[in-house]
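Containing compact mmCIF, C-alpha atoms: entry12.txt.
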```txt
# COMPACT_ATOMS: atom_id res chain seq x y z
CA MET I 163 -26.85 -23.84 190.59
CA VAL I 164 -28.69 -26.65 188.98
CA ALA I 165 -31.89 -24.65 188.79
CA ASP I 166 -29.99 -21.70 187.29
CA SER I 167 -28.46 -23.68 184.47
CA GLN I 168 -31.82 -25.22 183.65
CA ASN I 169 -33.34 -21.77 183.43
CA ALA I 170 -30.56 -20.71 181.10
CA ASP I 171 -31.21 -23.72 178.86
CA ASP I 172 -34.93 -23.00 178.78
CA ARG I 173 -34.36 -19.39 177.94
CA ARG I 174 -32.05 -20.33 175.13
CA TYR I 175 -34.24 -22.89 173.44
CA LYS I 176 -37.65 -21.39 174.07
CA ARG I 177 -36.73 -18.06 172.55
CA GLY I 178 -39.00 -17.06 169.64
CA PHE I 179 -38.06 -14.92 166.65
CA THR I 180 -35.96 -11.85 167.02
CA LEU I 181 -37.67 -8.56 166.28
CA LEU I 182 -35.79 -8.32 162.97
CA GLU I 183 -36.99 -11.74 161.83
CA THR I 184 -40.55 -10.94 162.74
CA LEU I 185 -40.40 -7.66 160.83
CA ILE I 186 -39.01 -9.38 157.74
CA VAL I 187 -41.71 -12.04 157.84
CA PHE I 188 -44.49 -9.51 158.40
CA SER I 189 -43.35 -7.24 155.61
CA LEU I 190 -43.04 -10.14 153.17
CA LEU I 191 -46.47 -11.39 154.18
CA SER I 192 -48.08 -7.98 153.85
CA VAL I 193 -46.57 -7.44 150.39
CA LEU I 194 -47.87 -10.86 149.37
CA MET I 195 -51.31 -10.14 150.82
CA GLY I 196 -51.43 -6.76 149.14
CA VAL I 197 -50.53 -8.14 145.74
CA SER I 198 -52.95 -11.06 145.99
CA ALA I 199 -55.78 -8.86 147.27
CA TYR I 200 -55.22 -6.52 144.31
CA LEU I 201 -55.12 -9.39 141.82
CA PHE I 202 -58.18 -10.89 143.41
CA THR I 203 -60.12 -7.64 143.08
CA VAL I 204 -59.08 -7.31 139.46
CA SER I 205 -60.08 -10.87 138.63
CA LEU I 206 -63.37 -10.56 140.53
CA ARG I 207 -64.19 -7.51 138.46
CA ALA I 208 -63.25 -9.33 135.25
CA TRP I 209 -65.34 -12.26 136.41
CA GLY I 210 -68.34 -9.99 136.98
CA THR I 211 -67.87 -8.40 133.58
CA GLY I 212 -67.52 -11.82 132.01
CA SER I 213 -70.69 -13.19 133.53
CA LEU I 214 -72.64 -10.06 132.61
CA ARG I 215 -71.49 -10.41 128.99
CA THR I 216 -72.37 -14.10 129.04
CA GLU I 217 -75.85 -13.24 130.24
CA ILE I 218 -76.27 -10.66 127.46
CA ARG I 219 -74.90 -13.13 124.92
CA GLU I 220 -77.30 -15.86 125.99
CA ASP I 221 -80.26 -13.51 125.70
CA MET I 222 -79.07 -12.34 122.28
CA SER I 223 -78.54 -15.89 121.05
CA TYR I 224 -82.09 -16.70 122.00
CA ALA I 225 -83.47 -13.56 120.34
CA MET I 226 -81.41 -14.05 117.18
CA GLU I 227 -82.46 -17.67 116.90
CA LYS I 228 -86.11 -16.81 117.37
CA VAL I 229 -86.21 -13.86 114.97
CA VAL I 230 -84.13 -15.57 112.29
CA ARG I 231 -86.26 -18.72 112.45
CA ASP I 232 -89.54 -16.79 112.31
CA LEU I 233 -88.41 -14.76 109.32
CA LYS I 234 -86.89 -17.72 107.48
CA GLU I 235 -90.09 -19.70 107.81
CA MET I 236 -92.52 -16.87 107.17
CA ALA I 237 -95.41 -17.61 104.84
CA ASN I 238 -95.34 -16.59 101.23
CA GLY I 239 -96.42 -13.01 101.77
CA SER I 240 -94.38 -9.90 101.84
CA LEU I 241 -92.01 -8.17 104.22
CA SER I 242 -93.02 -4.66 105.16
CA GLN I 243 -92.79 -2.07 107.88
CA TYR I 244 -95.60 -1.67 110.37
CA SER I 245 -97.46 1.62 109.69
CA SER I 246 -94.37 2.83 107.80
CA ILE I 247 -92.45 3.02 111.08
CA GLU I 248 -88.73 2.42 110.82
CA HIS I 249 -87.15 -0.57 112.57
CA THR I 250 -90.34 -2.60 112.49
CA ILE I 251 -90.88 -5.75 110.47
CA GLN I 252 -94.31 -7.00 109.55
CA PHE I 253 -94.60 -10.51 108.22
CA GLU I 254 -97.07 -13.33 107.92
CA GLU I 255 -96.63 -16.77 109.47
CA THR I 256 -97.92 -20.02 108.06
CA GLY I 257 -101.51 -20.13 109.28
CA GLY I 258 -102.23 -16.61 108.14
CA ASP I 259 -101.58 -14.50 111.24
CA THR I 260 -99.70 -11.27 110.80
CA TYR I 261 -96.88 -10.51 113.21
CA VAL I 262 -94.90 -7.38 113.93
CA LEU I 263 -91.41 -7.17 115.36
CA TYR I 264 -91.01 -3.74 116.96
CA LEU I 265 -88.91 -1.80 119.44
CA TYR I 266 -90.82 -0.58 122.46
CA ASN I 267 -90.18 1.66 125.43
CA SER I 268 -92.96 1.83 128.01
CA ALA I 269 -92.23 5.54 128.63
CA ASP I 270 -93.58 6.33 125.15
CA PRO I 271 -97.34 6.93 125.31
CA VAL I 272 -97.80 5.81 121.72
CA PHE I 273 -95.61 3.54 119.63
CA ASN I 274 -93.99 5.84 117.07
CA SER I 275 -91.02 6.39 114.86
CA THR I 276 -89.03 8.73 117.09
CA TYR I 277 -86.54 6.64 118.94
CA ASN I 278 -85.51 9.26 121.48
CA ARG I 279 -85.33 6.98 124.50
CA ASP I 280 -82.01 5.39 125.43
CA PHE I 281 -83.17 1.79 125.46
CA TYR I 282 -85.83 -0.33 123.84
CA ASN I 283 -87.21 -3.83 124.16
CA LEU I 284 -87.85 -6.03 121.15
CA HIS I 285 -91.42 -7.35 121.06
CA LYS I 286 -93.28 -9.63 118.70
CA ALA I 287 -96.97 -8.82 118.40
CA ASN I 288 -99.67 -10.93 116.78
CA ILE I 289 -101.86 -8.34 115.09
CA ASN I 290 -104.61 -10.86 114.36
CA GLN I 291 -104.84 -11.69 118.05
CA GLY I 292 -105.29 -8.01 118.78
CA ASP I 293 -101.82 -7.32 120.23
CA ASP I 294 -101.38 -3.56 120.25
CA PRO I 295 -97.84 -2.20 119.74
CA ASP I 296 -98.96 1.11 121.29
CA SER I 297 -99.14 -0.56 124.68
CA GLY I 298 -96.20 -2.89 124.16
CA GLU I 299 -98.27 -6.02 123.77
CA GLY I 300 -96.98 -9.27 122.40
CA VAL I 301 -94.05 -11.47 123.37
CA LEU I 302 -90.95 -9.82 124.83
CA ILE I 303 -87.97 -11.17 122.89
CA LEU I 304 -85.00 -9.09 124.05
CA ARG I 305 -84.45 -6.36 126.64
CA ASP I 306 -82.04 -3.39 126.86
CA LEU I 307 -81.42 -2.72 123.18
CA VAL I 308 -79.55 0.50 122.42
CA SER I 309 -81.77 3.01 120.59
CA PRO I 310 -81.62 3.01 116.77
CA ASP I 311 -80.93 6.74 116.98
CA ALA I 312 -77.85 6.32 119.17
CA SER I 313 -74.37 6.68 117.76
CA ALA I 314 -72.83 3.29 117.01
CA PRO I 315 -73.20 0.66 118.33
CA LYS I 316 -76.94 0.82 117.89
CA THR I 317 -79.87 -1.42 117.12
CA SER I 318 -81.33 -1.57 113.64
CA LEU I 319 -83.93 -3.70 111.90
CA SER I 320 -84.12 -3.03 108.19
CA ILE I 321 -85.68 -4.53 105.10
CA ASN I 322 -83.67 -4.30 101.91
CA ALA I 323 -85.01 -2.36 98.94
CA GLY I 324 -86.01 -5.54 97.14
CA ARG I 325 -88.03 -6.55 100.25
CA THR I 326 -86.48 -10.00 100.20
CA GLN I 327 -84.02 -9.66 103.07
CA VAL I 328 -83.87 -8.38 106.60
CA THR I 329 -80.71 -7.01 108.18
CA LEU I 330 -80.62 -7.32 111.95
CA ASP I 331 -78.23 -5.29 114.07
CA LEU I 332 -78.73 -5.91 117.74
CA ALA I 333 -76.81 -3.91 120.36
CA VAL I 334 -77.59 -4.76 123.96
CA GLN I 335 -76.19 -2.68 126.81
CA ARG I 336 -76.34 -3.58 130.48
CA GLY I 337 -74.19 -1.73 132.97
CA ASP I 338 -71.01 -0.73 131.16
CA GLU I 339 -71.09 -3.71 128.83
CA THR I 340 -72.36 -3.64 125.26
CA VAL I 341 -72.55 -6.64 122.96
CA THR I 342 -73.40 -6.26 119.28
CA ILE I 343 -74.44 -8.86 116.75
CA ARG I 344 -75.30 -8.54 113.08
CA THR I 345 -76.86 -10.95 110.66
CA LYS I 346 -79.16 -11.12 107.65
CA VAL I 347 -82.15 -13.30 106.92
CA ARG I 348 -83.61 -14.24 103.60
CA PRO I 349 -87.09 -15.77 104.01
CA ARG I 350 -87.20 -19.11 102.20
CA ASN I 351 -90.63 -18.62 100.67
CA LEU I 352 -90.15 -15.21 99.11
CA MET A 923 -36.97 -32.79 173.58
CA ARG A 924 -35.42 -29.40 173.07
CA ASN A 925 -35.67 -29.63 169.28
CA VAL A 926 -39.34 -30.50 169.38
CA ARG A 927 -40.16 -27.38 171.34
CA GLN A 928 -38.26 -25.13 169.00
CA GLY A 929 -41.05 -23.86 166.64
CA PHE A 930 -40.54 -22.59 163.06
CA THR A 931 -37.30 -21.15 161.77
CA LEU A 932 -37.21 -18.12 159.55
CA ILE A 933 -36.26 -20.27 156.56
CA GLU A 934 -39.24 -22.53 157.11
CA LEU A 935 -41.57 -19.56 157.23
CA LEU A 936 -40.12 -18.11 154.03
CA ILE A 937 -40.61 -21.42 152.25
CA ALA A 938 -44.20 -21.55 153.51
CA ILE A 939 -44.82 -18.03 152.18
CA ILE A 940 -43.38 -18.94 148.79
CA LEU A 941 -45.59 -22.03 148.63
CA VAL A 942 -48.69 -20.02 149.51
CA ALA A 943 -47.76 -17.44 146.86
CA GLY A 944 -47.35 -20.21 144.29
CA GLY A 945 -50.76 -21.59 145.17
CA LEU A 946 -52.38 -18.20 144.83
CA MET A 947 -50.74 -17.70 141.43
CA VAL A 948 -52.20 -20.96 140.15
CA LEU A 949 -55.63 -19.91 141.41
CA MET A 950 -55.39 -16.56 139.61
CA GLN A 951 -54.25 -18.32 136.45
CA LEU A 952 -57.30 -20.58 136.57
CA MET A 953 -59.61 -17.62 136.96
CA SER A 954 -58.11 -15.82 133.99
CA VAL A 955 -58.36 -18.97 131.86
CA ALA A 956 -62.06 -19.20 132.71
CA ILE A 957 -62.59 -15.53 131.91
CA PHE A 958 -60.83 -15.81 128.54
CA ALA A 959 -62.74 -18.96 127.63
CA ASP A 960 -65.83 -16.85 128.13
CA SER A 961 -64.78 -14.17 125.66
CA ASP A 962 -63.83 -16.88 123.14
CA LEU A 963 -67.48 -17.85 123.05
CA GLU A 964 -68.55 -14.28 122.45
CA TYR A 965 -66.24 -13.89 119.46
CA SER A 966 -67.41 -17.22 118.01
CA LEU A 967 -71.05 -16.20 118.31
CA ILE A 968 -70.51 -12.84 116.60
CA ALA A 969 -68.35 -14.42 113.88
CA LEU A 970 -70.93 -17.13 113.24
CA ASN A 971 -73.66 -14.54 112.80
CA LEU A 972 -71.45 -12.54 110.42
CA ALA A 973 -70.78 -15.70 108.39
CA ASN A 974 -74.52 -16.34 108.22
CA GLU A 975 -75.08 -12.75 107.18
CA LYS A 976 -72.87 -13.20 104.12
CA LEU A 977 -74.43 -16.55 103.31
CA GLU A 978 -77.96 -15.10 103.32
CA GLU A 979 -76.76 -12.20 101.21
CA LEU A 980 -75.27 -14.61 98.66
CA LYS A 981 -78.46 -16.69 98.61
CA ASP A 982 -80.30 -13.54 97.63
CA ASP A 983 -77.88 -12.77 94.80
CA GLY A 984 -79.17 -15.30 92.31
CA TYR A 985 -77.25 -18.11 90.72
CA SER A 986 -75.92 -16.31 87.68
CA ASP A 987 -76.35 -12.63 88.35
CA TYR A 988 -73.45 -11.24 86.34
CA SER A 989 -74.06 -7.70 87.50
CA ASP A 990 -73.13 -8.91 90.99
CA PRO A 991 -69.91 -10.94 90.91
CA ASN A 992 -70.23 -12.21 94.49
CA LEU A 993 -71.17 -15.68 93.31
CA ASN A 994 -68.47 -15.95 90.65
CA ILE A 995 -66.38 -19.10 90.91
CA GLY A 996 -63.33 -18.55 93.12
CA THR A 997 -62.43 -17.00 96.45
CA HIS A 998 -63.69 -13.59 97.51
CA THR A 999 -62.27 -11.67 100.46
CA GLU A 1000 -63.49 -8.82 102.61
CA SER A 1001 -60.60 -7.57 104.71
CA SER A 1002 -62.73 -5.87 107.34
CA ILE A 1003 -66.31 -5.57 108.54
CA SER A 1004 -67.32 -2.16 109.82
CA GLY A 1005 -68.43 -2.19 113.43
CA PHE A 1006 -66.60 -5.44 114.13
CA ASP A 1007 -62.95 -4.44 114.41
CA PHE A 1008 -61.75 -7.74 115.84
CA ILE A 1009 -62.60 -9.57 112.61
CA ASP A 1010 -59.52 -10.02 110.39
CA GLN A 1011 -61.34 -11.10 107.28
CA ARG A 1012 -64.44 -12.67 105.81
CA GLN A 1013 -63.81 -14.96 102.91
CA TRP A 1014 -66.16 -16.96 100.75
CA THR A 1015 -65.32 -19.61 98.22
CA VAL A 1016 -67.67 -20.52 95.42
CA GLY A 1017 -67.27 -23.68 93.33
CA TYR A 1018 -69.36 -25.81 91.00
CA VAL A 1019 -70.47 -29.18 92.33
CA ASP A 1020 -72.21 -32.03 90.54
CA ALA A 1021 -75.31 -33.97 91.63
CA ASN A 1022 -73.13 -36.08 93.98
CA LEU A 1023 -71.80 -32.90 95.59
CA ASP A 1024 -68.31 -33.64 94.25
CA SER A 1025 -66.53 -30.57 92.99
CA SER A 1026 -66.96 -30.09 89.28
CA VAL A 1027 -65.16 -28.09 86.62
CA SER A 1028 -68.26 -27.47 84.56
CA ASP A 1029 -71.52 -25.84 85.55
CA THR A 1030 -74.15 -28.47 86.39
CA GLY A 1031 -76.56 -26.00 87.98
CA LEU A 1032 -75.30 -26.27 91.52
CA LYS A 1033 -72.85 -24.06 93.39
CA ASP A 1034 -71.21 -24.83 96.70
CA VAL A 1035 -70.51 -21.80 98.92
CA ILE A 1036 -68.33 -21.74 102.02
CA VAL A 1037 -68.13 -18.58 104.10
CA GLU A 1038 -65.30 -18.38 106.60
CA VAL A 1039 -64.81 -15.63 109.17
CA GLN A 1040 -61.39 -15.23 110.78
CA TRP A 1041 -60.18 -13.32 113.81
CA THR A 1042 -57.06 -13.26 115.94
CA GLN A 1043 -57.17 -14.29 119.53
CA LYS A 1044 -54.49 -15.33 122.01
CA GLY A 1045 -51.91 -14.90 119.25
CA GLY A 1046 -53.57 -17.44 116.98
CA THR A 1047 -56.05 -17.28 114.13
CA GLN A 1048 -59.52 -18.52 114.96
CA SER A 1049 -62.25 -19.12 112.45
CA VAL A 1050 -65.77 -20.33 111.90
CA ALA A 1051 -67.19 -21.47 108.58
CA VAL A 1052 -70.65 -22.13 107.20
CA GLU A 1053 -71.47 -23.88 103.94
CA THR A 1054 -74.48 -24.09 101.66
CA LEU A 1055 -75.56 -25.06 98.16
CA ILE A 1056 -77.15 -22.66 95.73
CA ALA A 1057 -79.14 -24.13 92.86
CA ASP A 1058 -79.89 -22.67 89.45
CA TYR A 1059 -83.66 -22.87 89.46
```

As structure tokens, the full file:
Amino acid sequence: MVADSQNADDRRYKRGFTLLETLIVFSLLSVLMGVSAYLFTVSLRAWGTGSLRTEIREDMSYAMEKVVRDLKEMANGSLSQYSSIEHTIQFEETGGDTYVLYLYNSADPVFNSTYNRDFYNLHKANINQGDDPDSGEGVLILRDLVSPDASAPKTSLSINAGRTQVTLDLAVQRGDETVTIRTKVRPRNL
Amino acid sequence: MRNVRQGFTLIELLIAIILVAGGLMVLMQLMSVAIFADSDLEYSLIALNLANEKLEELKDDGYSDYSDPNLNIGTHTESSISGFDFIDQRQWTVGYVDANLDSSVSDTGLKDVIVEVQWTQKGGTQSVAVETLIADY
């Protein structure tokens, strides 16, 4: 008798959840997991996008800073295009060397004015040092610029009619992300 | 003794789930704050470059070029910039200043120019401004 009643007590107090309770808990938990997994995926994707854009932005900041500074401080010469090719800027730095900013794609055998590739890199060549734009020589300033012949947003380097100002439109695309920046530079010595 | 061996109740579990959910929400919130802070920077950078663009343009205009009224005394407004839809307006204010850079009513050969670019973000107006002096030389 004694043993029986003890068993009954044990059974009563050691019982776990009922099936119904377990089901309720599991369904709540799975809804919660589902929602948080979804949100997590969404925010991971946004995070990836964000860091890709940050990377593009950093590269563009650097390029902008470099190009704007070079052009602002160019020697008292003149702004022109290199070999009459569009989207190139030829200028002289203090010290007398002539530099060319140009858009280059290594798939092009010769540097020319048809921008029929999808992407270009911005290079700065020192002509006096023998840098040859045909083979993409010079310093690489910015990668993955959208072709000047693309529909907007696109890259564009232009000199105004008075040859005293440069308008810079930079459009960089990596993956699905495109960042565009525009500014103008007026060389101080012109 | 019996109570100790009892385990969780349903209510306790539900409370635990709610707490975990709350924690996750806070985590998500933090992530989205970080992501938005990131895009803030992007807008600022673009706006700053657009402000500089106008400033350089104005520097090229010449102190008293009457054919181009951009440097006339007063406030000038562009309500949109093509290609940059998020920009609400670009505004530049031109005023005379004297040799001490105090604002002046008469022309002493020096103009102060402030270019401000505005855009809307998170329901508020954000802006960046750049300033320069243009001399009559």

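Remark: for chain I, the closest of the candidate residues A:Gln951, A:Thr1042, A:Ser1026, A:Asn974 is A:Asn974 (distances computed over all atoms listed in the file).
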
Residues of chain I within 7 Å of chain A, only C-alpha atoms counted, as JSON, numbers by chain: {"I": [175, 176, 183, 205, 209, 212, 219, 343, 344, 345, 346, 347, 348]}

Polymer residues at most 10 Å from stretch 275-292 of chain I, only C-alpha atoms, same-chain spacing of 6 or more positions, as a ChimeraX atom specification: /I:225,229,245-255,258-269,298-312,316-317,332-335

Store the residues of this selection in a file with C-alpha atoms, as a compact mmCIF listing (two decimals), in the frame of the given file.
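So the final result, stored in part_18.txt, reads:
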```txt
# COMPACT_ATOMS: atom_id res chain seq x y z
CA ALA I 225 -83.47 -13.56 120.34
CA VAL I 229 -86.21 -13.86 114.97
CA SER I 245 -97.46 1.62 109.69
CA SER I 246 -94.37 2.83 107.80
CA ILE I 247 -92.45 3.02 111.08
CA GLU I 248 -88.73 2.42 110.82
CA HIS I 249 -87.15 -0.57 112.57
CA THR I 250 -90.34 -2.60 112.49
CA ILE I 251 -90.88 -5.75 110.47
CA GLN I 252 -94.31 -7.00 109.55
CA PHE I 253 -94.60 -10.51 108.22
CA GLU I 254 -97.07 -13.33 107.92
CA GLU I 255 -96.63 -16.77 109.47
CA GLY I 258 -102.23 -16.61 108.14
CA ASP I 259 -101.58 -14.50 111.24
CA THR I 260 -99.70 -11.27 110.80
CA TYR I 261 -96.88 -10.51 113.21
CA VAL I 262 -94.90 -7.38 113.93
CA LEU I 263 -91.41 -7.17 115.36
CA TYR I 264 -91.01 -3.74 116.96
CA LEU I 265 -88.91 -1.80 119.44
CA TYR I 266 -90.82 -0.58 122.46
CA ASN I 267 -90.18 1.66 125.43
CA SER I 268 -92.96 1.83 128.01
CA ALA I 269 -92.23 5.54 128.63
CA GLY I 298 -96.20 -2.89 124.16
CA GLU I 299 -98.27 -6.02 123.77
CA GLY I 300 -96.98 -9.27 122.40
CA VAL I 301 -94.05 -11.47 123.37
CA LEU I 302 -90.95 -9.82 124.83
CA ILE I 303 -87.97 -11.17 122.89
CA LEU I 304 -85.00 -9.09 124.05
CA ARG I 305 -84.45 -6.36 126.64
CA ASP I 306 -82.04 -3.39 126.86
CA LEU I 307 -81.42 -2.72 123.18
CA VAL I 308 -79.55 0.50 122.42
CA SER I 309 -81.77 3.01 120.59
CA PRO I 310 -81.62 3.01 116.77
CA ASP I 311 -80.93 6.74 116.98
CA ALA I 312 -77.85 6.32 119.17
CA LYS I 316 -76.94 0.82 117.89
CA THR I 317 -79.87 -1.42 117.12
CA LEU I 332 -78.73 -5.91 117.74
CA ALA I 333 -76.81 -3.91 120.36
CA VAL I 334 -77.59 -4.76 123.96
CA GLN I 335 -76.19 -2.68 126.81
```

Contacts of I:Leu214 at 10 Å (all atoms listed in the file; same-chain gap of 6+ positions) as a PyMOL selection string: chain I and resi 208+220+336-340

Atom CA of I:Glu227 to atom CA of A:Asp1058, straight-line distance in Å: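 Interatomic distance here is 28.0 Å.
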
Atom-to-atom span, atom CA of A:Asp1007 and atom CA of I:Val230, Å: 24.0 Å

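Here atom CA of I:Met236 and atom CA of I:Asn322 stand 16.2 Å from one another.
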
How about completing stretch 991-1012 of chain A with N, CA and C atoms and giving it to me as a PDB file, in the coordinates of the input?
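Here's the written file result_6.pdb:
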```
ATOM      1  N   PRO A 991     -70.894  -9.849  91.053  1.00  0.00           N
ATOM      2  CA  PRO A 991     -69.910 -10.940  90.910  1.00  0.00           C
ATOM      3  C   PRO A 991     -69.673 -11.743  92.177  1.00  0.00           C
ATOM      4  N   ASN A 992     -70.474 -11.528  93.219  1.00  0.00           N
ATOM      5  CA  ASN A 992     -70.230 -12.210  94.490  1.00  0.00           C
ATOM      6  C   ASN A 992     -70.277 -13.721  94.407  1.00  0.00           C
ATOM      7  N   LEU A 993     -71.050 -14.225  93.427  1.00  0.00           N
ATOM      8  CA  LEU A 993     -71.170 -15.680  93.310  1.00  0.00           C
ATOM      9  C   LEU A 993     -70.337 -16.233  92.162  1.00  0.00           C
ATOM     10  N   ASN A 994     -69.393 -15.430  91.648  1.00  0.00           N
ATOM     11  CA  ASN A 994     -68.470 -15.950  90.650  1.00  0.00           C
ATOM     12  C   ASN A 994     -67.605 -17.045  91.277  1.00  0.00           C
ATOM     13  N   ILE A 995     -67.213 -18.015  90.428  1.00  0.00           N
ATOM     14  CA  ILE A 995     -66.380 -19.100  90.910  1.00  0.00           C
ATOM     15  C   ILE A 995     -65.037 -18.546  91.407  1.00  0.00           C
ATOM     16  N   GLY A 996     -64.610 -19.002  92.573  1.00  0.00           N
ATOM     17  CA  GLY A 996     -63.330 -18.550  93.120  1.00  0.00           C
ATOM     18  C   GLY A 996     -63.479 -18.093  94.557  1.00  0.00           C
ATOM     19  N   THR A 997     -62.419 -17.456  95.061  1.00  0.00           N
ATOM     20  CA  THR A 997     -62.430 -17.000  96.450  1.00  0.00           C
ATOM     21  C   THR A 997     -62.557 -15.490  96.513  1.00  0.00           C
ATOM     22  N   HIS A 998     -63.461 -15.027  97.347  1.00  0.00           N
ATOM     23  CA  HIS A 998     -63.690 -13.590  97.510  1.00  0.00           C
ATOM     24  C   HIS A 998     -63.332 -13.213  98.948  1.00  0.00           C
ATOM     25  N   THR A 999     -62.713 -12.061  99.115  1.00  0.00           N
ATOM     26  CA  THR A 999     -62.270 -11.670 100.460  1.00  0.00           C
ATOM     27  C   THR A 999     -62.716 -10.265 100.819  1.00  0.00           C
ATOM     28  N   GLU A1000     -63.247 -10.131 102.025  1.00  0.00           N
ATOM     29  CA  GLU A1000     -63.490  -8.820 102.610  1.00  0.00           C
ATOM     30  C   GLU A1000     -62.487  -8.681 103.745  1.00  0.00           C
ATOM     31  N   SER A1001     -61.679  -7.626 103.716  1.00  0.00           N
ATOM     32  CA  SER A1001     -60.600  -7.570 104.710  1.00  0.00           C
ATOM     33  C   SER A1001     -61.042  -6.963 106.034  1.00  0.00           C
ATOM     34  N   SER A1002     -62.239  -6.351 106.058  1.00  0.00           N
ATOM     35  CA  SER A1002     -62.730  -5.870 107.340  1.00  0.00           C
ATOM     36  C   SER A1002     -64.244  -5.744 107.291  1.00  0.00           C
ATOM     37  N   ILE A1003     -64.861  -5.743 108.445  1.00  0.00           N
ATOM     38  CA  ILE A1003     -66.310  -5.570 108.540  1.00  0.00           C
ATOM     39  C   ILE A1003     -66.547  -4.400 109.483  1.00  0.00           C
ATOM     40  N   SER A1004     -67.182  -3.353 108.992  1.00  0.00           N
ATOM     41  CA  SER A1004     -67.320  -2.160 109.820  1.00  0.00           C
ATOM     42  C   SER A1004     -68.169  -2.445 111.050  1.00  0.00           C
ATOM     43  N   GLY A1005     -67.727  -1.953 112.177  1.00  0.00           N
ATOM     44  CA  GLY A1005     -68.430  -2.190 113.430  1.00  0.00           C
ATOM     45  C   GLY A1005     -67.908  -3.412 114.174  1.00  0.00           C
ATOM     46  N   PHE A1006     -67.126  -4.231 113.489  1.00  0.00           N
ATOM     47  CA  PHE A1006     -66.600  -5.440 114.130  1.00  0.00           C
ATOM     48  C   PHE A1006     -65.090  -5.495 113.902  1.00  0.00           C
ATOM     49  N   ASP A1007     -64.382  -4.646 114.653  1.00  0.00           N
ATOM     50  CA  ASP A1007     -62.950  -4.440 114.410  1.00  0.00           C
ATOM     51  C   ASP A1007     -62.108  -5.686 114.658  1.00  0.00           C
ATOM     52  N   PHE A1008     -62.586  -6.592 115.500  1.00  0.00           N
ATOM     53  CA  PHE A1008     -61.750  -7.740 115.840  1.00  0.00           C
ATOM     54  C   PHE A1008     -61.688  -8.769 114.715  1.00  0.00           C
ATOM     55  N   ILE A1009     -62.586  -8.626 113.736  1.00  0.00           N
ATOM     56  CA  ILE A1009     -62.600  -9.570 112.610  1.00  0.00           C
ATOM     57  C   ILE A1009     -61.456  -9.236 111.645  1.00  0.00           C
ATOM     58  N   ASP A1010     -60.628 -10.236 111.329  1.00  0.00           N
ATOM     59  CA  ASP A1010     -59.520 -10.020 110.390  1.00  0.00           C
ATOM     60  C   ASP A1010     -60.009 -10.048 108.952  1.00  0.00           C
ATOM     61  N   GLN A1011     -60.795 -11.045 108.635  1.00  0.00           N
ATOM     62  CA  GLN A1011     -61.340 -11.100 107.280  1.00  0.00           C
ATOM     63  C   GLN A1011     -62.532 -12.038 107.175  1.00  0.00           C
ATOM     64  N   ARG A1012     -63.330 -11.779 106.115  1.00  0.00           N
ATOM     65  CA  ARG A1012     -64.440 -12.670 105.810  1.00  0.00           C
ATOM     66  C   ARG A1012     -64.227 -13.120 104.373  1.00  0.00           C
TER      67      ARG A1012
END
```
